[in-house]
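So this block is input-v1.csv, CSV, C-alpha atoms and all ligand atoms:
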chain,number,residue,atom,x,y,z
F,1,MET,CA,0.0,0.0,0.0
F,2,PRO,CA,1.2,3.6,-0.6
F,3,ASP,CA,3.3,5.5,1.9
F,4,GLY,CA,1.5,6.5,5.1
F,5,SER,CA,-1.3,4.1,4.4
F,6,SER,CA,0.1,0.7,4.9
F,7,TYR,CA,-2.0,-1.6,7.0
F,8,GLU,CA,-2.3,-5.2,7.9
F,9,VAL,CA,-4.7,-7.6,6.2
F,10,ARG,CA,-5.1,-10.7,8.2
F,11,VAL,CA,-6.6,-13.7,6.4
F,12,GLY,CA,-7.5,-17.1,7.8
F,13,ARG,CA,-10.1,-19.3,9.5
F,14,GLY,CA,-11.3,-18.4,13.0
F,15,THR,CA,-9.3,-15.1,13.0
F,16,ILE,CA,-12.3,-13.2,14.6
F,17,ALA,CA,-11.5,-14.9,17.9
F,18,ARG,CA,-8.4,-12.6,18.3
F,19,PHE,CA,-9.9,-9.6,16.5
F,20,GLY,CA,-10.0,-7.4,19.7
F,21,GLU,CA,-6.4,-8.1,20.6
F,22,SER,CA,-5.1,-7.5,17.1
F,23,LEU,CA,-7.1,-4.3,16.7
F,24,ARG,CA,-5.6,-3.0,20.0
F,25,VAL,CA,-2.3,-3.0,18.3
F,26,CYS,CA,-3.6,-0.5,15.7
F,27,THR,CA,-5.6,1.9,17.8
F,28,ASP,CA,-5.8,3.6,21.1
F,29,ALA,CA,-9.6,4.2,20.6
F,30,THR,CA,-11.8,3.5,23.6
F,31,LYS,CA,-15.1,3.5,21.7
F,32,ALA,CA,-15.8,1.3,18.7
F,33,LEU,CA,-18.8,1.7,16.4
F,34,LEU,CA,-19.8,-1.6,14.7
F,35,ILE,CA,-21.7,-1.0,11.5
F,36,SER,CA,-23.4,-4.0,10.0
F,37,ASP,CA,-26.5,-4.9,8.0
F,38,SER,CA,-29.8,-6.6,8.7
F,39,VAL,CA,-28.6,-10.0,7.4
F,40,VAL,CA,-25.1,-10.0,8.9
F,41,SER,CA,-25.8,-8.4,12.2
F,42,PRO,CA,-28.0,-11.3,13.5
F,43,LEU,CA,-25.5,-13.8,12.3
F,44,TYR,CA,-22.2,-12.4,13.6
F,45,GLY,CA,-22.9,-9.0,15.4
F,46,GLN,CA,-23.0,-10.4,18.9
F,47,ARG,CA,-19.8,-12.5,18.5
F,48,VAL,CA,-17.8,-9.6,17.1
F,49,ARG,CA,-19.2,-7.3,19.8
F,50,GLU,CA,-18.0,-9.8,22.5
F,51,VAL,CA,-14.4,-10.1,21.2
F,52,LEU,CA,-14.2,-6.3,21.1
F,53,GLU,CA,-15.5,-5.9,24.6
F,54,GLU,CA,-13.1,-8.6,25.8
F,55,SER,CA,-10.3,-6.3,24.7
F,56,GLY,CA,-11.7,-3.3,26.5
F,57,PHE,CA,-13.5,-1.5,23.7
F,58,GLU,CA,-16.8,0.2,24.6
F,59,VAL,CA,-18.9,-1.0,21.7
F,60,SER,CA,-22.0,0.5,20.1
F,61,ASP,CA,-23.7,-1.1,17.1
F,62,LEU,CA,-25.7,0.3,14.2
F,63,CYS,CA,-27.5,-1.9,11.7
F,64,MET,CA,-28.4,-0.6,8.2
F,65,PRO,CA,-30.9,-2.4,5.9
F,66,ALA,CA,-29.1,-4.9,3.7
F,67,GLY,CA,-28.9,-4.3,-0.1
F,68,GLU,CA,-27.3,-2.1,-2.7
F,69,GLU,CA,-30.4,0.1,-2.8
F,70,ASN,CA,-29.6,1.2,0.8
F,71,LYS,CA,-26.1,2.5,-0.1
F,72,ASN,CA,-27.5,6.0,-0.2
F,73,VAL,CA,-27.4,9.4,1.4
F,74,ASP,CA,-30.5,8.8,3.6
F,75,VAL,CA,-28.8,5.9,5.3
F,76,ALA,CA,-25.5,7.8,5.6
F,77,ARG,CA,-27.4,10.7,7.2
F,78,GLU,CA,-29.0,8.3,9.8
F,79,LEU,CA,-25.6,6.9,10.6
F,80,TRP,CA,-24.0,10.4,11.0
F,81,ASP,CA,-26.8,11.4,13.3
F,82,ALA,CA,-26.6,8.2,15.3
F,83,MET,CA,-22.9,8.7,15.7
F,84,SER,CA,-23.5,12.2,17.1
F,85,LEU,CA,-26.1,11.0,19.5
F,86,LEU,CA,-23.8,8.2,20.7
F,87,GLY,CA,-21.1,10.8,21.3
F,88,PHE,CA,-18.5,9.5,18.8
F,89,GLY,CA,-15.5,11.6,18.3
F,90,ARG,CA,-12.4,11.7,16.2
F,91,ASP,CA,-10.4,9.4,18.4
F,92,ASP,CA,-12.9,6.6,18.1
F,93,VAL,CA,-13.0,3.8,15.5
F,94,VAL,CA,-15.6,2.6,13.0
F,95,ILE,CA,-15.7,-1.1,12.2
F,96,ALA,CA,-17.5,-2.3,9.0
F,97,LEU,CA,-18.9,-5.8,9.5
F,98,GLY,CA,-20.5,-7.0,6.2
F,99,GLY,CA,-20.1,-7.1,2.5
F,100,GLY,CA,-19.1,-4.4,0.1
F,101,VAL,CA,-22.2,-2.3,0.8
F,102,VAL,CA,-21.5,-2.1,4.5
F,103,GLY,CA,-17.8,-1.5,3.8
F,104,ASP,CA,-18.4,1.3,1.3
F,105,MET,CA,-21.0,3.0,3.5
F,106,SER,CA,-19.0,2.7,6.7
F,107,GLY,CA,-15.8,3.9,5.0
F,108,PHE,CA,-17.7,6.9,3.7
F,109,VAL,CA,-19.4,7.7,6.9
F,110,ALA,CA,-16.1,7.3,8.8
F,111,ALA,CA,-14.2,9.6,6.3
F,112,THR,CA,-16.8,12.3,6.5
F,113,TYR,CA,-18.1,12.4,10.1
F,114,MET,CA,-16.1,15.1,11.9
F,115,ARG,CA,-13.7,15.2,8.9
F,116,GLY,CA,-12.6,11.6,9.4
F,117,LEU,CA,-12.0,8.9,12.0
F,118,ASP,CA,-10.2,5.6,11.7
F,119,PHE,CA,-12.1,2.7,10.3
F,120,VAL,CA,-11.6,-1.1,10.0
F,121,GLN,CA,-12.9,-3.6,7.5
F,122,VAL,CA,-14.2,-7.0,8.6
F,123,PRO,CA,-15.6,-8.3,5.3
F,124,THR,CA,-18.1,-11.1,5.4
F,125,THR,CA,-18.6,-11.7,1.6
F,126,LEU,CA,-16.0,-13.2,-0.7
F,127,LEU,CA,-16.4,-10.2,-3.0
F,128,SER,CA,-15.5,-7.9,-0.2
F,129,MET,CA,-12.6,-10.1,0.9
F,130,VAL,CA,-11.0,-10.2,-2.5
F,131,ASP,CA,-11.7,-6.7,-3.6
F,132,ALA,CA,-14.0,-4.1,-1.9
F,133,SER,CA,-12.3,-4.2,1.6
F,134,VAL,CA,-8.9,-3.2,0.3
F,135,GLY,CA,-7.8,-0.2,-1.6
F,136,GLY,CA,-9.5,2.6,0.3
F,137,LYS,CA,-12.3,3.5,-2.1
F,138,ASN,CA,-15.7,4.0,-0.4
F,139,GLY,CA,-18.9,5.8,-1.3
F,140,ILE,CA,-22.6,5.8,-1.9
F,141,ASN,CA,-24.9,5.8,-4.9
F,142,THR,CA,-27.1,8.7,-5.9
F,143,ALA,CA,-30.3,8.7,-7.9
F,144,ILE,CA,-28.3,9.2,-11.0
F,145,GLY,CA,-25.6,6.6,-10.7
F,146,LYS,CA,-23.5,4.2,-8.7
F,147,ASN,CA,-20.7,5.3,-6.3
F,148,LEU,CA,-21.0,8.9,-7.5
F,149,VAL,CA,-20.2,10.4,-4.1
F,150,GLY,CA,-17.3,9.1,-2.0
F,151,THR,CA,-13.8,9.5,-0.8
F,152,PHE,CA,-10.5,7.7,-0.8
F,153,ASN,CA,-9.9,6.6,2.8
F,154,GLN,CA,-7.8,3.6,3.6
F,155,PRO,CA,-8.8,1.4,6.5
F,156,ILE,CA,-6.3,1.0,9.4
F,157,TYR,CA,-6.8,-2.8,9.5
F,158,VAL,CA,-8.6,-5.5,7.5
F,159,LEU,CA,-9.5,-8.8,9.0
F,160,ASP,CA,-10.9,-11.7,6.9
F,161,ASP,CA,-12.3,-14.7,8.6
F,162,LEU,CA,-13.1,-17.4,6.1
F,163,ASP,CA,-15.5,-19.0,8.5
F,164,PHE,CA,-18.0,-16.2,7.8
F,165,LEU,CA,-18.3,-17.6,4.3
F,166,ALA,CA,-20.1,-20.7,5.6
F,167,THR,CA,-23.4,-18.8,5.5
F,168,LEU,CA,-22.8,-16.9,2.3
F,169,PRO,CA,-25.5,-17.7,-0.4
F,170,ASP,CA,-24.3,-19.4,-3.6
F,171,ARG,CA,-25.2,-16.5,-5.8
F,172,GLU,CA,-22.9,-14.2,-3.7
F,173,TRP,CA,-20.0,-16.7,-4.2
F,174,THR,CA,-20.6,-16.6,-7.9
F,175,SER,CA,-20.7,-12.9,-7.9
F,176,ALA,CA,-17.2,-12.7,-6.3
F,177,PHE,CA,-15.8,-15.1,-8.9
F,178,ALA,CA,-16.1,-12.4,-11.5
F,179,GLU,CA,-13.8,-10.1,-9.5
F,180,ILE,CA,-11.3,-13.0,-8.9
F,181,ALA,CA,-11.4,-13.7,-12.7
F,182,LYS,CA,-10.9,-10.0,-13.5
F,183,SER,CA,-7.8,-9.9,-11.2
F,184,ALA,CA,-6.4,-13.1,-12.8
F,185,PHE,CA,-7.0,-11.9,-16.3
F,186,LEU,CA,-5.1,-8.6,-15.5
F,187,GLY,CA,-2.6,-10.0,-13.1
F,188,SER,CA,0.7,-11.8,-13.4
F,189,GLU,CA,1.2,-14.9,-15.5
F,190,HIS,CA,1.8,-16.8,-12.3
F,191,PHE,CA,-1.6,-15.8,-10.9
F,192,TYR,CA,-3.4,-16.5,-14.2
F,193,ASP,CA,-1.8,-20.0,-14.3
F,194,TRP,CA,-2.9,-20.7,-10.8
F,195,PHE,CA,-6.4,-19.5,-11.6
F,196,THR,CA,-6.8,-21.7,-14.7
F,197,GLN,CA,-5.7,-24.7,-12.7
F,198,ASN,CA,-7.9,-24.0,-9.7
F,199,ALA,CA,-11.1,-22.4,-11.1
F,200,HIS,CA,-12.9,-25.8,-10.8
F,201,LEU,CA,-12.0,-25.9,-7.1
F,202,LEU,CA,-13.2,-22.4,-6.5
F,203,ALA,CA,-16.5,-23.3,-8.2
F,204,THR,CA,-17.0,-26.0,-5.5
F,205,HIS,CA,-16.2,-23.4,-2.8
F,206,ASP,CA,-13.1,-25.3,-1.8
F,207,ILE,CA,-11.8,-23.5,1.2
F,208,GLU,CA,-8.0,-23.9,0.5
F,209,ALA,CA,-8.5,-22.6,-3.0
F,210,THR,CA,-10.6,-19.7,-1.7
F,211,HIS,CA,-8.0,-18.8,0.8
F,212,ASP,CA,-5.3,-18.8,-1.9
F,213,ALA,CA,-7.5,-16.7,-4.2
F,214,ILE,CA,-8.1,-14.1,-1.5
F,215,LEU,CA,-4.3,-13.7,-0.9
F,216,ARG,CA,-3.6,-13.5,-4.6
F,217,CYS,CA,-6.3,-10.9,-5.2
F,218,ILE,CA,-5.2,-8.8,-2.3
F,219,GLU,CA,-1.6,-8.9,-3.5
F,220,PHE,CA,-2.7,-8.0,-7.0
F,221,LYS,CA,-4.9,-5.1,-5.9
F,222,ALA,CA,-2.3,-3.8,-3.4
F,223,GLY,CA,0.2,-3.5,-6.2
F,224,ILE,CA,-2.2,-1.5,-8.4
F,225,VAL,CA,-3.2,0.8,-5.5
F,226,ALA,CA,0.4,1.4,-4.5
F,227,ALA,CA,1.1,2.5,-8.0
F,228,ASP,CA,-1.9,4.8,-8.3
F,229,GLU,CA,-3.9,5.2,-5.1
F,230,GLN,CA,-6.1,8.0,-6.2
F,231,GLU,CA,-6.6,6.9,-9.8
F,232,GLN,CA,-4.5,9.7,-11.3
F,233,THR,CA,-2.1,7.9,-13.6
F,234,GLY,CA,-4.5,5.5,-15.2
F,235,VAL,CA,-3.1,2.4,-13.6
F,236,ARG,CA,-5.9,1.9,-11.1
F,237,GLU,CA,-8.5,2.5,-13.8
F,238,SER,CA,-7.6,-0.9,-15.2
F,239,LEU,CA,-9.5,-2.4,-12.3
F,240,ASN,CA,-12.5,-1.2,-14.1
F,241,TYR,CA,-12.2,-4.1,-16.6
F,242,GLY,CA,-15.8,-5.2,-17.3
F,243,HIS,CA,-17.3,-2.5,-15.2
F,244,THR,CA,-18.3,0.1,-17.8
F,245,LEU,CA,-20.9,-2.1,-19.4
F,246,GLY,CA,-21.4,-4.1,-16.2
F,247,HIS,CA,-22.5,-1.1,-14.1
F,248,ALA,CA,-24.9,0.0,-16.9
F,249,ILE,CA,-26.5,-3.5,-17.1
F,250,GLU,CA,-26.8,-3.6,-13.3
F,251,ALA,CA,-28.6,-0.3,-13.2
F,252,LEU,CA,-31.0,-1.1,-16.0
F,253,VAL,CA,-31.8,-4.7,-15.0
F,254,GLY,CA,-32.2,-3.5,-11.4
F,255,TYR,CA,-29.9,-4.1,-8.5
F,256,GLY,CA,-30.8,-7.5,-7.0
F,257,GLU,CA,-32.1,-9.1,-10.2
F,258,LEU,CA,-28.5,-9.8,-11.4
F,259,THR,CA,-25.5,-10.0,-9.1
F,260,HIS,CA,-22.8,-7.5,-9.5
F,261,GLY,CA,-20.5,-10.3,-10.7
F,262,GLN,CA,-22.9,-11.5,-13.4
F,263,ALA,CA,-23.1,-8.0,-14.8
F,264,ILE,CA,-19.3,-7.5,-14.6
F,265,ALA,CA,-18.7,-10.9,-16.3
F,266,GLU,CA,-20.9,-9.8,-19.2
F,267,GLY,CA,-18.9,-6.5,-19.3
F,268,MET,CA,-15.6,-8.5,-19.6
F,269,ARG,CA,-17.1,-10.6,-22.4
F,270,PHE,CA,-18.1,-7.4,-24.2
F,271,ALA,CA,-14.8,-5.7,-23.6
F,272,ALA,CA,-12.9,-8.7,-25.0
F,273,TYR,CA,-15.3,-8.7,-28.0
F,274,ILE,CA,-14.3,-5.1,-28.8
F,275,ALA,CA,-10.6,-5.8,-28.2
F,276,ALA,CA,-10.6,-8.8,-30.5
F,277,ASP,CA,-11.9,-6.6,-33.3
F,278,ALA,CA,-10.0,-3.4,-32.5
F,279,PHE,CA,-6.7,-4.6,-31.0
F,280,ASP,CA,-6.1,-8.1,-32.4
F,281,LEU,CA,-6.7,-9.6,-29.0
F,282,SER,CA,-6.1,-13.3,-29.6
F,283,GLU,CA,-9.1,-15.6,-30.0
F,284,ASP,CA,-7.5,-17.9,-27.4
F,285,PHE,CA,-7.8,-15.2,-24.8
F,286,VAL,CA,-11.5,-14.7,-25.6
F,287,ALA,CA,-12.2,-18.5,-25.7
F,288,ASP,CA,-10.3,-19.1,-22.4
F,289,GLN,CA,-12.1,-16.2,-20.7
F,290,ASP,CA,-15.5,-17.7,-21.9
F,291,ILE,CA,-14.6,-21.1,-20.6
F,292,LEU,CA,-13.4,-19.9,-17.2
F,293,LEU,CA,-16.4,-17.6,-16.7
F,294,ASP,CA,-18.8,-20.5,-17.7
F,295,MET,CA,-16.9,-22.9,-15.3
F,296,LEU,CA,-17.5,-20.4,-12.4
F,297,GLY,CA,-21.2,-20.2,-13.1
F,298,LEU,CA,-21.0,-16.8,-14.7
F,299,LYS,CA,-23.0,-17.7,-17.8
F,300,SER,CA,-23.3,-15.2,-20.7
F,301,LEU,CA,-26.6,-13.3,-20.4
F,302,GLU,CA,-29.3,-14.4,-22.8
F,303,GLN,CA,-30.0,-10.9,-23.8
F,304,LEU,CA,-28.8,-7.4,-23.3
F,305,PRO,CA,-30.9,-4.3,-22.3
F,306,ASP,CA,-31.6,-1.9,-25.2
F,307,PRO,CA,-28.3,-0.5,-26.6
F,308,GLU,CA,-29.6,3.0,-26.6
F,309,LYS,CA,-30.5,2.8,-22.8
F,310,LEU,CA,-27.1,1.1,-22.1
F,311,TYR,CA,-25.3,4.0,-23.8
F,312,GLU,CA,-27.2,6.6,-21.8
F,313,LYS,CA,-26.4,4.8,-18.6
F,314,MET,CA,-22.7,4.5,-19.5
F,315,CYS,CA,-22.7,8.3,-20.1
F,316,SER,CA,-23.7,8.9,-16.4
F,317,ASP,CA,-20.7,6.8,-15.3
F,318,LYS,CA,-18.3,9.0,-13.3
F,319,LYS,CA,-15.5,7.9,-15.7
F,320,THR,CA,-17.3,9.2,-18.8
F,321,ARG,CA,-16.2,12.6,-20.3
F,322,ASP,CA,-18.2,14.5,-22.9
F,323,ARG,CA,-20.4,11.5,-23.6
F,324,SER,CA,-17.4,9.5,-24.9
F,325,VAL,CA,-17.4,6.3,-22.9
F,326,ARG,CA,-14.1,4.9,-21.5
F,327,PHE,CA,-13.4,1.1,-21.7
F,328,VAL,CA,-10.7,-1.0,-20.3
F,329,LEU,CA,-9.8,-3.4,-23.1
F,330,PRO,CA,-7.4,-6.3,-22.7
F,331,SER,CA,-4.6,-6.5,-25.2
F,332,ARG,CA,-3.3,-9.9,-23.9
F,333,GLN,CA,-3.3,-11.7,-20.6
F,334,GLY,CA,-1.8,-9.3,-18.0
F,335,ALA,CA,-2.1,-6.2,-20.1
F,336,CYS,CA,-4.8,-3.8,-21.0
F,337,GLU,CA,-5.4,-0.3,-22.5
F,338,THR,CA,-8.1,2.2,-21.5
F,339,VAL,CA,-9.7,3.8,-24.6
F,340,THR,CA,-12.4,6.3,-25.2
F,341,ILE,CA,-14.9,5.1,-27.7
F,342,PRO,CA,-17.1,7.6,-29.5
F,343,ARG,CA,-20.8,7.1,-29.5
F,344,GLY,CA,-21.3,5.8,-33.1
F,345,ILE,CA,-18.6,3.2,-32.8
F,346,LEU,CA,-19.8,2.0,-29.4
F,347,MET,CA,-23.4,1.7,-30.6
F,348,GLY,CA,-22.2,-0.4,-33.5
F,349,TYR,CA,-20.4,-2.8,-31.1
F,350,LEU,CA,-23.4,-2.9,-28.8
F,351,GLU,CA,-25.8,-3.7,-31.6
F,352,SER,CA,-23.5,-6.4,-33.2
F,353,TYR,CA,-22.8,-8.0,-29.8
F,354,ALA,CA,-26.6,-8.1,-29.0
F,355,SER,CA,-27.5,-9.5,-32.4
F,356,ARG,CA,-24.8,-12.2,-32.1
F,357,LYS,CA,-26.5,-13.3,-28.9
F,358,LYS,CA,-29.8,-13.5,-30.7
F,359,ALA,CA,-28.2,-15.5,-33.5
F,360,ASN,CA,-26.6,-17.9,-31.0
F,361,ASP,CA,-30.0,-18.4,-29.4
F,362,LYS,CA,-31.5,-19.6,-32.6
F,363,LEU,CA,-28.8,-22.2,-33.2
F,401,LIG,N1,-14.7,0.0,-2.6
F,401,LIG,C1,-14.4,-0.8,-3.5
F,401,LIG,O1,-13.2,-0.9,-3.9
F,401,LIG,C2,-15.4,-1.8,-4.1
F,401,LIG,C3,-14.9,-2.8,-5.0
F,401,LIG,C4,-15.9,-3.7,-5.4
F,401,LIG,C5,-17.2,-3.6,-5.1
F,401,LIG,N2,-17.6,-2.6,-4.2
F,401,LIG,C6,-19.0,-2.4,-3.8
F,401,LIG,O2,-19.3,-3.6,-3.1
F,401,LIG,C7,-20.8,-3.8,-3.2
F,401,LIG,C8,-21.0,-5.2,-3.4
F,401,LIG,O3,-20.5,-5.9,-2.3
F,401,LIG,P1,-21.1,-7.4,-2.0
F,401,LIG,O4,-21.1,-8.2,-3.2
F,401,LIG,O5,-20.3,-7.8,-0.8
F,401,LIG,O6,-22.6,-7.1,-1.6
F,401,LIG,P2,-23.4,-6.9,-0.3
F,401,LIG,O7,-22.7,-6.1,0.7
F,401,LIG,O8,-24.7,-6.3,-0.7
F,401,LIG,O9,-23.6,-8.4,0.3
F,401,LIG,C9,-24.4,-9.3,-0.5
F,401,LIG,C10,-25.5,-9.9,0.4
F,401,LIG,O10,-24.9,-10.9,1.2
F,401,LIG,C11,-25.3,-10.7,2.6
F,401,LIG,N3,-24.2,-11.2,3.4
F,401,LIG,C12,-23.0,-10.6,3.6
F,401,LIG,N4,-22.2,-11.4,4.3
F,401,LIG,C13,-22.9,-12.6,4.5
F,401,LIG,C14,-22.5,-13.8,5.2
F,401,LIG,N5,-21.3,-14.1,5.6
F,401,LIG,N6,-23.5,-14.7,5.2
F,401,LIG,C15,-24.7,-14.5,4.7
F,401,LIG,N7,-25.1,-13.4,4.0
F,401,LIG,C16,-24.1,-12.4,3.9
F,401,LIG,C17,-25.5,-9.2,2.7
F,401,LIG,O11,-26.3,-8.9,3.8
F,401,LIG,C18,-26.2,-8.9,1.4
F,401,LIG,O12,-27.6,-9.2,1.5
F,401,LIG,C19,-21.2,-2.8,-4.3
F,401,LIG,O13,-21.9,-1.7,-3.7
F,401,LIG,C20,-20.0,-2.4,-5.0
F,401,LIG,O14,-20.1,-1.1,-5.5
F,401,LIG,C21,-16.7,-1.7,-3.7
Step by step, read the file and then write its structure as structure tokens.
Amino acid sequence: MPDGSSYEVRVGRGTIARFGESLRVCTDATKALLISDSVVSPLYGQRVREVLEESGFEVSDLCMPAGEENKNVDVARELWDAMSLLGFGRDDVVIALGGGVVGDMSGFVAATYMRGLDFVQVPTTLLSMVDASVGGKNGINTAIGKNLVGTFNQPIYVLDDLDFLATLPDREWTSAFAEIAKSAFLGSEHFYDWFTQNAHLLATHDIEATHDAILRCIEFKAGIVAADEQEQTGVRESLNYGHTLGHAIEALVGYGELTHGQAIAEGMRFAAYIAADAFDLSEDFVADQDILLDMLGLKSLEQLPDPEKLYEKMCSDKKTRDRSVRFVLPSRQGACETVTIPRGILMGYLESYASRKKANDKL
């Protein structure tokens, strides 16, 4: 991680038992605010509260409603107000216990309340363990788009306990596989080889393979974030592979209908489709990506939303400038380019990609 923002990420099974002790090493805070959601809090809230209290923290907890649609300013406002009423100050610590929604919301609230207090990530979804909990981006959605308001704010500590994954629904596992695949497609040859050899184990939720995937994804993301923490040189933008179209699909189909991962996987397929035409991306890359995504249960969508609506949604993405949409396109395994695609060309690709799906349907 970049200078001044290095922090420990502890990964293992049963790590929560020593969470209080290990957090004590990172902070002198007396008060800890545990933010969770309506699904995770009943499962793990009490246990986490106990281990914190055993290490002398005075714990308060707040529970937000679960789901992407609640990552909004109304919930942020409720959390800010509750923190004031509970007497939280700048020396206290906020702990996010949950998936990426809780992590993004808690990081945002912690960064903005009283101009910022320390926060800690305890991710409980695989997606958050491999991606959302590290890197310091946080934020909320607005009525116009996803993650449009937020800050960069690194956690002081991240603790992953794989035992939390025992209750994670299958569709949330599959959703995380898209981010693992993305990291492997963009990462080192070594990571990619490991991924091709272990994707079948990940698909069965094998815990050793999952542990390994988490470590590899964190290492990959830490390298990218260290090179470009605040997305200023373009390096970090590569993590957006699959996300330009993916976010638009998610918004149009409706959060909750499709998982984030299914939408991102479709976005990766589309980006590779463009890259194969525009940049001579090898057919082997495209075929291998298709096989690996299929193996992980990330099937190609049967149909796309209307191209015109997709384009309009992509224009509201925070990376879009002057209605020219930016795409991360792979040039080979481990390498990509970010390109701006003018409207006419992009519409052509969207239409041909959508009609190819229809043609495949008829076969
Ligand atoms: N900040 C970043 O760098 C970054 C990166 C990727 C994604 N994200 C964000 O993360 C969010 C998606 O995160 P997510 O996929 O974790 O979704 P999520 O937080 O909505 O969690 C998915 C569902 O699983 C439930 N859940 C969580 N842990 C569970 C457990 N152990 N057992 C049973 N149920 C559990 C949650 O209550 C929720 O209903 C999006 O908002 C996305 O924008 C952020």
Select from range 222-322 of chain F every residue with an atom at most 12 Å from any atom of range 167-170 of chain F, then for each give the shortest pair of atoms and their distance in Å to one decimal, using all atoms listed in the file, rows by chain and rising number, as JSON lines.
{"residue": "F:Thr259", "atom": "CA", "partner": "F:Asp170", "partner_atom": "CA", "distance": 11.0}
{"residue": "F:Leu296", "atom": "CA", "partner": "F:Asp170", "partner_atom": "CA", "distance": 11.2}
{"residue": "F:Gly297", "atom": "CA", "partner": "F:Asp170", "partner_atom": "CA", "distance": 10.0}
{"residue": "F:Leu298", "atom": "CA", "partner": "F:Asp170", "partner_atom": "CA", "distance": 11.9}
Would you mind listing what lies within 9 Å of Val39 in chain F as a ChimeraX atom specification, with all atoms listed in the file counted and same-chain residues fewer than 2 positions away left out?
/F:36-37,41-43,65-66,98
Selection as a VMD selection string: residues within 6 Å of ligand LIG 401 (chain F) by only C-alpha atoms and all ligand atoms:
chain F and resid 37 39 to 40 66 to 68 98 to 102 104 124 to 125 127 to 128 131 to 132 135 137 to 138 164 to 165 167 to 168
Go ahead and write the residues just picked, C-alpha atoms, as a PDB file, keeping the file's coordinate frame.
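Heads up, here's the output in out_13.pdb:
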ATOM      1  CA  ASP F  37     -26.500  -4.900   8.000  1.00  0.00           C
ATOM      2  CA  VAL F  39     -28.600 -10.000   7.400  1.00  0.00           C
ATOM      3  CA  VAL F  40     -25.100 -10.000   8.900  1.00  0.00           C
ATOM      4  CA  ALA F  66     -29.100  -4.900   3.700  1.00  0.00           C
ATOM      5  CA  GLY F  67     -28.900  -4.300  -0.100  1.00  0.00           C
ATOM      6  CA  GLU F  68     -27.300  -2.100  -2.700  1.00  0.00           C
ATOM      7  CA  GLY F  98     -20.500  -7.000   6.200  1.00  0.00           C
ATOM      8  CA  GLY F  99     -20.100  -7.100   2.500  1.00  0.00           C
ATOM      9  CA  GLY F 100     -19.100  -4.400   0.100  1.00  0.00           C
ATOM     10  CA  VAL F 101     -22.200  -2.300   0.800  1.00  0.00           C
ATOM     11  CA  VAL F 102     -21.500  -2.100   4.500  1.00  0.00           C
ATOM     12  CA  ASP F 104     -18.400   1.300   1.300  1.00  0.00           C
ATOM     13  CA  THR F 124     -18.100 -11.100   5.400  1.00  0.00           C
ATOM     14  CA  THR F 125     -18.600 -11.700   1.600  1.00  0.00           C
ATOM     15  CA  LEU F 127     -16.400 -10.200  -3.000  1.00  0.00           C
ATOM     16  CA  SER F 128     -15.500  -7.900  -0.200  1.00  0.00           C
ATOM     17  CA  ASP F 131     -11.700  -6.700  -3.600  1.00  0.00           C
ATOM     18  CA  ALA F 132     -14.000  -4.100  -1.900  1.00  0.00           C
ATOM     19  CA  GLY F 135      -7.800  -0.200  -1.600  1.00  0.00           C
ATOM     20  CA  LYS F 137     -12.300   3.500  -2.100  1.00  0.00           C
ATOM     21  CA  ASN F 138     -15.700   4.000  -0.400  1.00  0.00           C
ATOM     22  CA  PHE F 164     -18.000 -16.200   7.800  1.00  0.00           C
ATOM     23  CA  LEU F 165     -18.300 -17.600   4.300  1.00  0.00           C
ATOM     24  CA  THR F 167     -23.400 -18.800   5.500  1.00  0.00           C
ATOM     25  CA  LEU F 168     -22.800 -16.900   2.300  1.00  0.00           C
TER      26      LEU F 168
END
Minimum-distance residue to Asn153 in chain F, chosen among F:Ser22, F:Asn141, F:Gln230, F:Gln262 (using all atoms listed in the file)
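Residue with the minimum atom-to-atom distance to Asn153 in chain F: F:Gln230.
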Best match for closeness to Gln46 in chain F among F:Ala354, F:Ala203, F:Val59, F:Leu215, counting all atoms listed in the file
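For Gln46 in chain F, the nearest of the given residues is F:Val59.
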12 Å contact set for Cys315 in chain F, only C-alpha atoms, chain neighbours under 4 positions out, as a VMD selection string
chain F and resid 144 to 145 244 to 245 247 to 248 308 to 311 319 to 327 340 to 343 346
Using CA of Gly334 in chain F and CA of Phe270 in chain F as the two end points, give the distance in Å to one decimal.
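So the two atoms, CA of Gly334 in chain F and CA of Phe270 in chain F, lie 17.5 Å apart.
Minimum distance to Gly187 in chain F across F:His243, F:Arg332, F:Lys299, F:Lys146 (counting only C-alpha atoms) occurs at F:Arg332.
Note that CA of Asp212 in chain F and CA of Ile224 in chain F are 18.7 Å apart.
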